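Colleague: Got target_38.cif for you, mmCIF, C-alpha atoms, pLDDT in the B column; chains and numbers go by the auth columns:
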```
data_input
#
loop_
_atom_site.group_PDB
_atom_site.id
_atom_site.type_symbol
_atom_site.label_atom_id
_atom_site.label_comp_id
_atom_site.label_asym_id
_atom_site.label_seq_id
_atom_site.Cartn_x
_atom_site.Cartn_y
_atom_site.Cartn_z
_atom_site.B_iso_or_equiv
_atom_site.auth_seq_id
_atom_site.auth_asym_id
ATOM 1 C CA MET A 1 24.235 34.295 -62.291 72.00 25 A
ATOM 2 C CA GLU A 2 25.456 36.413 -65.155 67.00 26 A
ATOM 3 C CA ARG A 3 25.684 40.145 -65.685 61.00 27 A
ATOM 4 C CA LYS A 4 25.587 41.765 -69.120 65.00 28 A
ATOM 5 C CA ASN A 5 26.359 45.440 -69.420 56.00 29 A
ATOM 6 C CA SER A 6 25.342 47.617 -72.322 47.00 30 A
ATOM 7 C CA ASN A 7 28.020 49.931 -73.772 43.00 31 A
ATOM 8 C CA THR A 8 26.411 53.217 -72.713 44.00 32 A
ATOM 9 C CA GLY A 9 27.652 53.296 -69.133 48.00 33 A
ATOM 10 C CA ASN A 10 24.075 53.757 -67.893 45.00 34 A
ATOM 11 C CA GLN A 11 23.797 52.529 -64.308 67.00 35 A
ATOM 12 C CA GLU A 12 20.200 51.287 -64.565 90.00 36 A
ATOM 13 C CA MET A 13 19.962 47.535 -64.106 96.00 37 A
ATOM 14 C CA VAL A 14 17.188 45.051 -64.876 98.00 38 A
ATOM 15 C CA THR A 15 17.272 41.523 -63.485 98.00 39 A
ATOM 16 C CA LEU A 16 16.099 38.753 -65.800 98.00 40 A
ATOM 17 C CA PHE A 17 14.725 35.585 -64.229 98.00 41 A
ATOM 18 C CA MET A 18 14.861 32.488 -66.406 98.00 42 A
ATOM 19 C CA GLY A 19 12.346 30.029 -65.004 97.00 43 A
ATOM 20 C CA SER A 20 12.854 27.256 -67.546 96.00 44 A
ATOM 21 C CA PRO A 21 15.446 24.508 -67.054 93.00 45 A
ATOM 22 C CA ARG A 22 16.179 24.658 -70.807 91.00 46 A
ATOM 23 C CA ARG A 23 18.784 27.085 -72.039 92.00 47 A
ATOM 24 C CA ASN A 24 18.049 28.259 -75.587 90.00 48 A
ATOM 25 C CA GLY A 25 14.505 26.906 -75.561 93.00 49 A
ATOM 26 C CA SER A 26 11.414 28.978 -76.319 95.00 50 A
ATOM 27 C CA THR A 27 11.313 30.711 -72.934 97.00 51 A
ATOM 28 C CA HIS A 28 14.991 31.624 -73.058 97.00 52 A
ATOM 29 C CA LEU A 29 14.796 32.928 -76.624 97.00 53 A
ATOM 30 C CA LEU A 30 11.897 35.222 -75.765 98.00 54 A
ATOM 31 C CA LEU A 31 13.682 36.461 -72.644 98.00 55 A
ATOM 32 C CA GLN A 32 16.773 37.197 -74.742 98.00 56 A
ATOM 33 C CA GLU A 33 14.622 39.242 -77.124 98.00 57 A
ATOM 34 C CA ALA A 34 13.318 41.299 -74.203 98.00 58 A
ATOM 35 C CA GLU A 35 16.921 41.691 -73.080 98.00 59 A
ATOM 36 C CA ARG A 36 17.883 42.963 -76.539 98.00 60 A
ATOM 37 C CA ALA A 37 15.273 45.685 -76.196 98.00 61 A
ATOM 38 C CA LEU A 38 16.658 46.689 -72.801 97.00 62 A
ATOM 39 C CA HIS A 39 20.158 46.943 -74.235 97.00 63 A
ATOM 40 C CA ASP A 40 18.778 49.041 -77.094 97.00 64 A
ATOM 41 C CA ARG A 41 17.465 51.384 -74.387 96.00 65 A
ATOM 42 C CA GLY A 42 20.901 51.540 -72.768 96.00 66 A
ATOM 43 C CA ILE A 43 19.881 49.471 -69.753 96.00 67 A
ATOM 44 C CA ALA A 44 22.219 46.813 -68.376 97.00 68 A
ATOM 45 C CA THR A 45 20.950 43.370 -67.416 97.00 69 A
ATOM 46 C CA GLN A 46 21.824 40.539 -65.078 97.00 70 A
ATOM 47 C CA GLU A 47 20.456 37.032 -65.644 97.00 71 A
ATOM 48 C CA ILE A 48 19.413 34.523 -63.029 97.00 72 A
ATOM 49 C CA PHE A 49 18.792 30.915 -64.112 97.00 73 A
ATOM 50 C CA LEU A 50 16.592 29.708 -61.284 97.00 74 A
ATOM 51 C CA ASP A 51 16.982 26.012 -62.100 96.00 75 A
ATOM 52 C CA GLU A 52 20.739 26.282 -61.607 96.00 76 A
ATOM 53 C CA LEU A 53 20.486 27.705 -58.082 97.00 77 A
ATOM 54 C CA THR A 54 19.910 26.195 -54.676 97.00 78 A
ATOM 55 C CA ILE A 55 16.697 27.799 -53.456 97.00 79 A
ATOM 56 C CA HIS A 56 15.020 26.020 -50.581 96.00 80 A
ATOM 57 C CA ASP A 57 11.301 26.165 -49.937 95.00 81 A
ATOM 58 C CA CYS A 58 9.939 28.825 -47.612 96.00 82 A
ATOM 59 C CA ARG A 59 9.709 27.244 -44.147 95.00 83 A
ATOM 60 C CA GLY A 60 6.877 29.446 -42.933 94.00 84 A
ATOM 61 C CA CYS A 61 8.964 30.178 -39.827 93.00 85 A
ATOM 62 C CA HIS A 62 8.046 33.896 -39.805 91.00 86 A
ATOM 63 C CA GLN A 63 11.536 34.871 -38.670 93.00 87 A
ATOM 64 C CA CYS A 64 11.478 37.567 -41.349 92.00 88 A
ATOM 65 C CA LYS A 65 8.495 39.148 -39.541 88.00 89 A
ATOM 66 C CA THR A 66 10.205 39.706 -36.187 85.00 90 A
ATOM 67 C CA GLU A 67 11.139 43.191 -35.004 75.00 91 A
ATOM 68 C CA LYS A 68 14.846 42.371 -35.008 75.00 92 A
ATOM 69 C CA ASN A 69 14.932 40.734 -38.432 78.00 93 A
ATOM 70 C CA SER A 70 13.360 41.659 -41.744 79.00 94 A
ATOM 71 C CA ARG A 71 15.410 39.208 -43.816 87.00 95 A
ATOM 72 C CA CYS A 72 14.969 35.553 -44.650 94.00 96 A
ATOM 73 C CA VAL A 73 17.057 33.413 -42.303 93.00 97 A
ATOM 74 C CA VAL A 74 17.457 30.538 -44.779 95.00 98 A
ATOM 75 C CA GLN A 75 21.018 30.690 -46.072 95.00 99 A
ATOM 76 C CA ASP A 76 21.099 29.624 -49.706 97.00 100 A
ATOM 77 C CA ASP A 77 21.444 31.231 -53.137 97.00 101 A
ATOM 78 C CA MET A 78 18.338 33.315 -52.512 97.00 102 A
ATOM 79 C CA GLN A 79 20.424 35.659 -50.359 96.00 103 A
ATOM 80 C CA GLN A 80 22.362 36.752 -53.446 97.00 104 A
ATOM 81 C CA VAL A 81 19.128 36.923 -55.449 97.00 105 A
ATOM 82 C CA TYR A 82 17.706 39.371 -52.885 97.00 106 A
ATOM 83 C CA ARG A 83 20.746 41.625 -53.312 96.00 107 A
ATOM 84 C CA MET A 84 20.474 41.503 -57.106 96.00 108 A
ATOM 85 C CA MET A 85 16.772 42.316 -57.019 97.00 109 A
ATOM 86 C CA GLU A 86 17.310 45.243 -54.687 96.00 110 A
ATOM 87 C CA SER A 87 19.930 46.692 -57.045 95.00 111 A
ATOM 88 C CA SER A 88 17.425 46.635 -59.917 96.00 112 A
ATOM 89 C CA CYS A 89 15.032 49.170 -61.374 96.00 113 A
ATOM 90 C CA GLY A 90 13.020 46.354 -62.932 97.00 114 A
ATOM 91 C CA LEU A 91 12.552 42.609 -63.301 98.00 115 A
ATOM 92 C CA ILE A 92 11.449 40.387 -66.140 98.00 116 A
ATOM 93 C CA VAL A 93 10.333 36.910 -65.125 98.00 117 A
ATOM 94 C CA ALA A 94 10.108 34.356 -67.944 98.00 118 A
ATOM 95 C CA ALA A 95 8.712 30.914 -67.236 98.00 119 A
ATOM 96 C CA PRO A 96 7.137 28.027 -69.089 97.00 120 A
ATOM 97 C CA VAL A 97 3.748 26.711 -68.044 97.00 121 A
ATOM 98 C CA TYR A 98 3.953 23.210 -66.576 95.00 122 A
ATOM 99 C CA PHE A 99 0.654 21.600 -65.576 94.00 123 A
ATOM 100 C CA GLY A 100 -1.141 24.937 -65.597 96.00 124 A
ATOM 101 C CA TYR A 101 1.407 26.925 -63.551 97.00 125 A
ATOM 102 C CA VAL A 102 5.050 27.940 -63.331 98.00 126 A
ATOM 103 C CA PRO A 103 7.783 25.341 -62.655 97.00 127 A
ATOM 104 C CA ALA A 104 8.715 24.422 -59.100 96.00 128 A
ATOM 105 C CA MET A 105 11.863 26.563 -58.896 96.00 129 A
ATOM 106 C CA THR A 106 9.982 29.636 -60.086 98.00 130 A
ATOM 107 C CA LYS A 107 7.301 28.998 -57.469 98.00 131 A
ATOM 108 C CA ALA A 108 10.015 28.551 -54.819 97.00 132 A
ATOM 109 C CA TRP A 109 11.404 31.976 -55.796 98.00 133 A
ATOM 110 C CA LEU A 110 7.931 33.482 -55.411 98.00 134 A
ATOM 111 C CA ASP A 111 7.439 31.886 -51.987 97.00 135 A
ATOM 112 C CA ARG A 112 10.767 33.287 -50.820 97.00 136 A
ATOM 113 C CA LEU A 113 9.552 36.845 -51.492 97.00 137 A
ATOM 114 C CA VAL A 114 7.687 36.654 -48.167 96.00 138 A
ATOM 115 C CA PRO A 115 10.271 38.909 -46.404 96.00 139 A
ATOM 116 C CA TYR A 116 9.086 41.725 -48.673 96.00 140 A
ATOM 117 C CA MET A 117 5.652 41.684 -47.007 94.00 141 A
ATOM 118 C CA GLY A 118 4.824 42.710 -43.462 92.00 142 A
ATOM 119 C CA ALA A 119 2.841 40.531 -41.082 89.00 143 A
ATOM 120 C CA ASP A 120 -0.217 42.551 -42.121 92.00 144 A
ATOM 121 C CA LEU A 121 0.668 41.942 -45.818 93.00 145 A
ATOM 122 C CA SER A 122 1.901 45.521 -46.221 94.00 146 A
ATOM 123 C CA PRO A 123 4.474 45.831 -49.062 95.00 147 A
ATOM 124 C CA ARG A 124 8.105 46.146 -47.975 94.00 148 A
ATOM 125 C CA PHE A 125 10.189 45.942 -51.142 96.00 149 A
ATOM 126 C CA PRO A 126 12.851 48.582 -50.392 94.00 150 A
ATOM 127 C CA VAL A 127 13.210 50.260 -53.802 94.00 151 A
ATOM 128 C CA HIS A 128 10.981 51.282 -56.694 94.00 152 A
ATOM 129 C CA CYS A 129 10.883 48.323 -59.050 96.00 153 A
ATOM 130 C CA SER A 130 8.633 47.198 -61.900 97.00 154 A
ATOM 131 C CA ALA A 131 8.107 43.600 -62.955 98.00 155 A
ATOM 132 C CA SER A 132 6.936 42.243 -66.302 98.00 156 A
ATOM 133 C CA PHE A 133 6.278 38.621 -67.198 98.00 157 A
ATOM 134 C CA ILE A 134 6.666 36.252 -70.135 98.00 158 A
ATOM 135 C CA PHE A 135 4.792 32.974 -69.803 98.00 159 A
ATOM 136 C CA VAL A 136 5.253 30.281 -72.462 98.00 160 A
ATOM 137 C CA GLN A 137 2.789 27.440 -73.001 97.00 161 A
ATOM 138 C CA ASN A 138 2.271 24.712 -75.577 95.00 162 A
ATOM 139 C CA MET A 139 -1.522 25.138 -75.634 95.00 163 A
ATOM 140 C CA SER A 140 -3.034 27.456 -78.250 95.00 164 A
ATOM 141 C CA ASP A 141 -5.678 29.090 -76.023 96.00 165 A
ATOM 142 C CA PRO A 142 -4.118 32.089 -74.199 96.00 166 A
ATOM 143 C CA THR A 143 -6.962 32.201 -71.664 97.00 167 A
ATOM 144 C CA LEU A 144 -6.556 28.596 -70.541 97.00 168 A
ATOM 145 C CA PHE A 145 -4.171 29.274 -67.649 97.00 169 A
ATOM 146 C CA GLU A 146 -4.433 33.059 -67.584 97.00 170 A
ATOM 147 C CA PRO A 147 -6.132 33.325 -64.159 98.00 171 A
ATOM 148 C CA ALA A 148 -3.348 31.323 -62.475 98.00 172 A
ATOM 149 C CA LEU A 149 -0.602 33.234 -64.286 98.00 173 A
ATOM 150 C CA ARG A 150 -2.126 36.593 -63.418 98.00 174 A
ATOM 151 C CA SER A 151 -2.389 35.388 -59.831 98.00 175 A
ATOM 152 C CA PHE A 152 1.363 34.695 -59.894 98.00 176 A
ATOM 153 C CA ALA A 153 2.033 38.252 -61.103 98.00 177 A
ATOM 154 C CA GLY A 154 -0.381 39.588 -58.504 98.00 178 A
ATOM 155 C CA ALA A 155 1.497 37.786 -55.745 98.00 179 A
ATOM 156 C CA VAL A 156 4.724 39.497 -56.875 98.00 180 A
ATOM 157 C CA ALA A 157 2.869 42.829 -56.717 97.00 181 A
ATOM 158 C CA MET A 158 2.034 42.187 -53.054 97.00 182 A
ATOM 159 C CA THR A 159 5.681 42.969 -52.254 97.00 183 A
ATOM 160 C CA GLY A 160 5.291 46.538 -53.525 97.00 184 A
ATOM 161 C CA MET A 161 6.701 45.962 -56.984 97.00 185 A
ATOM 162 C CA SER A 162 4.511 47.352 -59.749 96.00 186 A
ATOM 163 C CA VAL A 163 3.338 44.914 -62.410 96.00 187 A
ATOM 164 C CA GLY A 164 4.023 45.926 -65.991 96.00 188 A
ATOM 165 C CA GLU A 165 3.065 43.797 -68.973 97.00 189 A
ATOM 166 C CA ILE A 166 2.111 40.125 -68.945 98.00 190 A
ATOM 167 C CA MET A 167 2.782 38.213 -72.156 98.00 191 A
ATOM 168 C CA ILE A 168 1.386 34.722 -72.711 98.00 192 A
ATOM 169 C CA ALA A 169 3.139 33.058 -75.642 97.00 193 A
ATOM 170 C CA THR A 170 1.005 30.217 -76.957 97.00 194 A
ATOM 171 C CA ASP A 171 1.484 27.113 -79.080 95.00 195 A
ATOM 172 C CA CYS A 172 5.180 26.763 -78.193 94.00 196 A
ATOM 173 C CA GLU A 173 7.031 23.484 -77.885 86.00 197 A
ATOM 174 C CA SER A 174 10.682 23.220 -78.844 74.00 198 A
ATOM 175 C CA GLY A 175 11.361 20.579 -81.472 73.00 199 A
ATOM 176 C CA VAL A 176 7.661 19.932 -82.071 81.00 200 A
ATOM 177 C CA LYS A 177 6.144 23.255 -83.147 86.00 201 A
ATOM 178 C CA PRO A 178 7.677 26.117 -85.174 88.00 202 A
ATOM 179 C CA PRO A 179 10.438 27.794 -83.133 91.00 203 A
ATOM 180 C CA VAL A 180 9.612 31.140 -81.564 95.00 204 A
ATOM 181 C CA SER A 181 12.438 32.707 -83.571 93.00 205 A
ATOM 182 C CA GLU A 182 10.329 32.084 -86.697 94.00 206 A
ATOM 183 C CA ARG A 183 7.190 33.626 -85.212 96.00 207 A
ATOM 184 C CA PRO A 184 7.446 37.420 -85.556 97.00 208 A
ATOM 185 C CA GLU A 185 4.417 38.119 -83.382 97.00 209 A
ATOM 186 C CA LEU A 186 6.056 36.409 -80.408 98.00 210 A
ATOM 187 C CA MET A 187 9.484 37.946 -80.942 98.00 211 A
ATOM 188 C CA GLU A 188 7.938 41.393 -81.328 98.00 212 A
ATOM 189 C CA GLY A 189 5.866 40.848 -78.203 98.00 213 A
ATOM 190 C CA ALA A 190 8.936 39.887 -76.185 98.00 214 A
ATOM 191 C CA TYR A 191 10.889 42.856 -77.547 98.00 215 A
ATOM 192 C CA ALA A 192 8.002 45.105 -76.486 98.00 216 A
ATOM 193 C CA ILE A 193 8.223 43.709 -72.954 98.00 217 A
ATOM 194 C CA GLY A 194 11.775 45.015 -72.745 98.00 218 A
ATOM 195 C CA MET A 195 10.974 48.304 -74.457 97.00 219 A
ATOM 196 C CA ASN A 196 7.964 49.030 -72.255 97.00 220 A
ATOM 197 C CA LEU A 197 9.276 47.925 -68.872 95.00 221 A
ATOM 198 C CA PRO A 198 8.722 50.942 -66.641 84.00 222 A
ATOM 199 C CA GLY A 199 11.865 52.444 -65.182 67.00 223 A
#
```
Show the structure stored in the file as structure tokens.

Modeller:
Amino acid sequence: MERKNSNTGNQEMVTLFMGSPRRNGSTHLLLQEAERALHDRGIATQEIFLDELTIHDCRGCHQCKTEKNSRCVVQDDMQQVYRMMESSCGLIVAAPVYFGYVPAMTKAWLDRLVPYMGADLSPRFPVHCSASFIFVQNMSDPTLFEPALRSFAGAVAMTGMSVGEIMIATDCESGVKPPVSERPELMEGAYAIGMNLPG
């Protein structure tokens, strides 16, 4: 997990979730462009590469729903992720689309947000936080997986985080199709995600 501070001294922090196992691939490049926009706004960032962490599946044990405990009892890297999220004014989640949905580690992260919902599904995220999303697919039709991807964002919103923008970058495949860095519409879209993330 890496932290990058801008030079303004501003204490606002946005956490960036990299859901692709490929550093410097299409998903990472678009996330870095969103990060550039945040730095241009004077907002510091911290990056989490989900594929490099140990995040176990949610056990469905409901220990986080008991009166004496509102935290997940599974002791793994997710405990540090919780702390990083709770220190943030915003999140950007970037993930490729594998078989119509996000990769397994990104889904595991989503499942482990259960402590941020009450037994009655009431939101319990402890601070004001906005979340925006960058989804990257190799198919050219942006509507193909849109319902599932919007459902993913909606599940994050169930915690009490507010959903900002959802970008679906299409026709992307590293080494096969033109790189995202040569597609201004995608780079500008990712930059806008960082510029428009609500504080």

Colleague: For the file shown, report as a ChimeraX atom specification the outcome of the PyMOL selection byres ((chain A and resi 208-214) around 12) at residue level.

Modeller: /A:50-62,116-118,156-160,189-196,202-207,215-221

Colleague: So which residues touch range 96-110 of chain A within 6 Å, counting all atoms listed in the file, skipping near sequence neighbours fewer than 6 positions away, as a PyMOL selection string?

Modeller: chain A and resi 78-79+88

Colleague: Hey, can you check how far CA of Gln87 in chain A sits from CA of Cys113 in chain A?

Modeller: 27.1 Å

Colleague: With the file shown as input, list the residues that the PyMOL selection byres ((chain A and resi 126) around 10) selects, as a PyMOL selection string.

Modeller: chain A and resi 43-44+118-125+127-132+159-161+172-173+176

Colleague: Could you check how far CA of Ala179 in chain A sits from CA of Arg83 in chain A, in Å to one decimal?

Modeller: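 These atoms are spaced 17.7 Å apart.
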
Colleague: One number please: CA of Met25 in chain A to CA of Cys153 in chain A, in Å, one decimal.

Modeller: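 These two atoms are separated by 19.6 Å.
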
Colleague: Taking all atoms listed in the file into account, which of A:Ser146, A:Ser154, A:Ser94, A:Thr167 comes nearest Val38 in chain A?

Modeller: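 For Val38 in chain A, the nearest of the candidates is A:Ser154.
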
Colleague: A:Leu134, A:Ile72, A:Leu168, A:Val180: which is nearest Phe149 in chain A, counting all atoms listed in the file?

Modeller: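 Checking each of A:Leu134, A:Ile72, A:Leu168, A:Val180 against Phe149 in chain A, counting all atoms listed in the file, the winner is A:Val180.
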
Colleague: What residues come out when you apply the PyMOL selection byres ((chain A and resi 145) around 12) to this file, written as a list in words?

Modeller: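 The output of the PyMOL selection byres ((chain A and resi 145) around 12) on this file is Lys89, Leu137, Val138, Pro139, Tyr140, Met141, Gly142, Ala143, Asp144, Ser146, Pro147, Arg148, Phe149, Ala179, Ala181, Met182, Thr183 and Gly184 of chain A.
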
Colleague: Can you pull out every residue within 7 Å of Met37 in chain A, counting only C-alpha atoms, but drop anything in the same chain fewer than 3 positions away, and send it as a list in words?

Modeller: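 Selected residues are Ile67, Ala68, Thr69, Ser112 and Cys113 of chain A.
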
Colleague: Out of A:Pro222, A:Ala155, A:Ala177, A:Asn162, which residue has the shortest atom-to-atom distance to Ser198 in chain A when counting only C-alpha atoms?

Modeller: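 Using only C-alpha atoms, the shortest distance to Ser198 in chain A belongs to A:Asn162.
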
Colleague: Let me make sure I understand: among A:Gly114, A:Gly84, A:Gly199, A:Gly178, which one has the smallest atom-to-atom distance to His152 in chain A if we use all atoms listed in the file?

Modeller: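 Checking each of A:Gly114, A:Gly84, A:Gly199, A:Gly178 against His152 in chain A, counting all atoms listed in the file, the winner is A:Gly114.
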
Colleague: With all atoms listed in the file as the atoms that count, which of A:Cys82, A:Met185, A:Leu115, A:Met163 lies nearest to Asp135 in chain A?

Modeller: A:Cys82

Colleague: Using only C-alpha atoms, which of A:Arg174, A:Arg47, A:Lys201, A:His80 sits nearest Trp133 in chain A?

Modeller: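 Selected residue with least distance to Trp133 in chain A: A:His80.
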
Colleague: Writing N, CA, C and O atoms and nothing else, produce range 165-187 of chain A as a compact mmCIF listing (two decimals), in the first residue's frame.

Modeller:
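Output file decode-v4.txt follows:
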```txt
# COMPACT_ATOMS: atom_id res chain seq x y z
N ASP A 165 -19.08 -2.29 -26.67
CA ASP A 165 -20.41 -1.83 -26.28
C ASP A 165 -20.42 -1.46 -24.79
O ASP A 165 -20.32 -2.35 -23.94
N PRO A 166 -20.56 -0.18 -24.44
CA PRO A 166 -20.50 0.21 -23.03
C PRO A 166 -21.69 -0.27 -22.22
O PRO A 166 -21.63 -0.28 -20.98
N THR A 167 -22.77 -0.66 -22.88
CA THR A 167 -23.96 -1.10 -22.14
C THR A 167 -23.95 -2.59 -21.84
O THR A 167 -24.80 -3.08 -21.10
N LEU A 168 -22.98 -3.30 -22.37
CA LEU A 168 -22.98 -4.77 -22.31
C LEU A 168 -23.01 -5.28 -20.87
O LEU A 168 -23.79 -6.16 -20.52
N PHE A 169 -22.15 -4.74 -20.02
CA PHE A 169 -22.06 -5.18 -18.63
C PHE A 169 -22.50 -4.08 -17.66
O PHE A 169 -22.31 -4.22 -16.45
N GLU A 170 -23.06 -3.02 -18.19
CA GLU A 170 -23.38 -1.86 -17.35
C GLU A 170 -24.30 -2.20 -16.18
O GLU A 170 -24.05 -1.73 -15.05
N PRO A 171 -25.34 -3.00 -16.34
CA PRO A 171 -26.18 -3.30 -15.17
C PRO A 171 -25.40 -3.93 -14.02
O PRO A 171 -25.58 -3.56 -12.85
N ALA A 172 -24.51 -4.87 -14.33
CA ALA A 172 -23.73 -5.53 -13.27
C ALA A 172 -22.75 -4.55 -12.62
O ALA A 172 -22.56 -4.56 -11.40
N LEU A 173 -22.15 -3.69 -13.43
CA LEU A 173 -21.17 -2.74 -12.89
C LEU A 173 -21.86 -1.67 -12.04
O LEU A 173 -21.35 -1.27 -10.99
N ARG A 174 -23.03 -1.24 -12.47
CA ARG A 174 -23.78 -0.28 -11.65
C ARG A 174 -24.28 -0.94 -10.36
O ARG A 174 -24.38 -0.29 -9.32
N SER A 175 -24.56 -2.22 -10.43
CA SER A 175 -24.94 -2.96 -9.23
C SER A 175 -23.78 -3.01 -8.23
O SER A 175 -23.98 -2.87 -7.02
N PHE A 176 -22.56 -3.18 -8.74
CA PHE A 176 -21.38 -3.15 -7.88
C PHE A 176 -21.28 -1.80 -7.17
O PHE A 176 -21.11 -1.74 -5.94
N ALA A 177 -21.41 -0.71 -7.93
CA ALA A 177 -21.35 0.63 -7.33
C ALA A 177 -22.49 0.83 -6.34
O ALA A 177 -22.32 1.43 -5.27
N GLY A 178 -23.67 0.30 -6.67
CA GLY A 178 -24.80 0.42 -5.76
C GLY A 178 -24.58 -0.32 -4.46
O GLY A 178 -25.03 0.13 -3.40
N ALA A 179 -23.89 -1.45 -4.52
CA ALA A 179 -23.59 -2.20 -3.30
C ALA A 179 -22.64 -1.39 -2.41
O ALA A 179 -22.80 -1.38 -1.18
N VAL A 180 -21.67 -0.70 -3.00
CA VAL A 180 -20.79 0.17 -2.22
C VAL A 180 -21.61 1.27 -1.54
O VAL A 180 -21.41 1.61 -0.37
N ALA A 181 -22.59 1.81 -2.26
CA ALA A 181 -23.43 2.87 -1.72
C ALA A 181 -24.25 2.41 -0.53
O ALA A 181 -24.64 3.23 0.33
N MET A 182 -24.52 1.11 -0.41
CA MET A 182 -25.29 0.61 0.72
C MET A 182 -24.59 0.83 2.05
O MET A 182 -25.21 0.79 3.10
N THR A 183 -23.28 1.08 2.02
CA THR A 183 -22.54 1.34 3.25
C THR A 183 -22.75 2.76 3.77
O THR A 183 -22.39 3.07 4.90
N GLY A 184 -23.29 3.64 2.93
CA GLY A 184 -23.44 5.04 3.29
C GLY A 184 -22.53 5.95 2.51
O GLY A 184 -22.65 7.17 2.58
N MET A 185 -21.61 5.37 1.74
CA MET A 185 -20.80 6.20 0.85
C MET A 185 -21.67 6.68 -0.31
O MET A 185 -22.57 5.97 -0.75
N SER A 186 -21.40 7.90 -0.78
CA SER A 186 -22.17 8.42 -1.91
C SER A 186 -21.44 8.09 -3.20
O SER A 186 -20.22 8.23 -3.29
N VAL A 187 -22.19 7.65 -4.20
CA VAL A 187 -21.60 7.28 -5.48
C VAL A 187 -21.47 8.52 -6.35
O VAL A 187 -22.42 9.27 -6.54
```
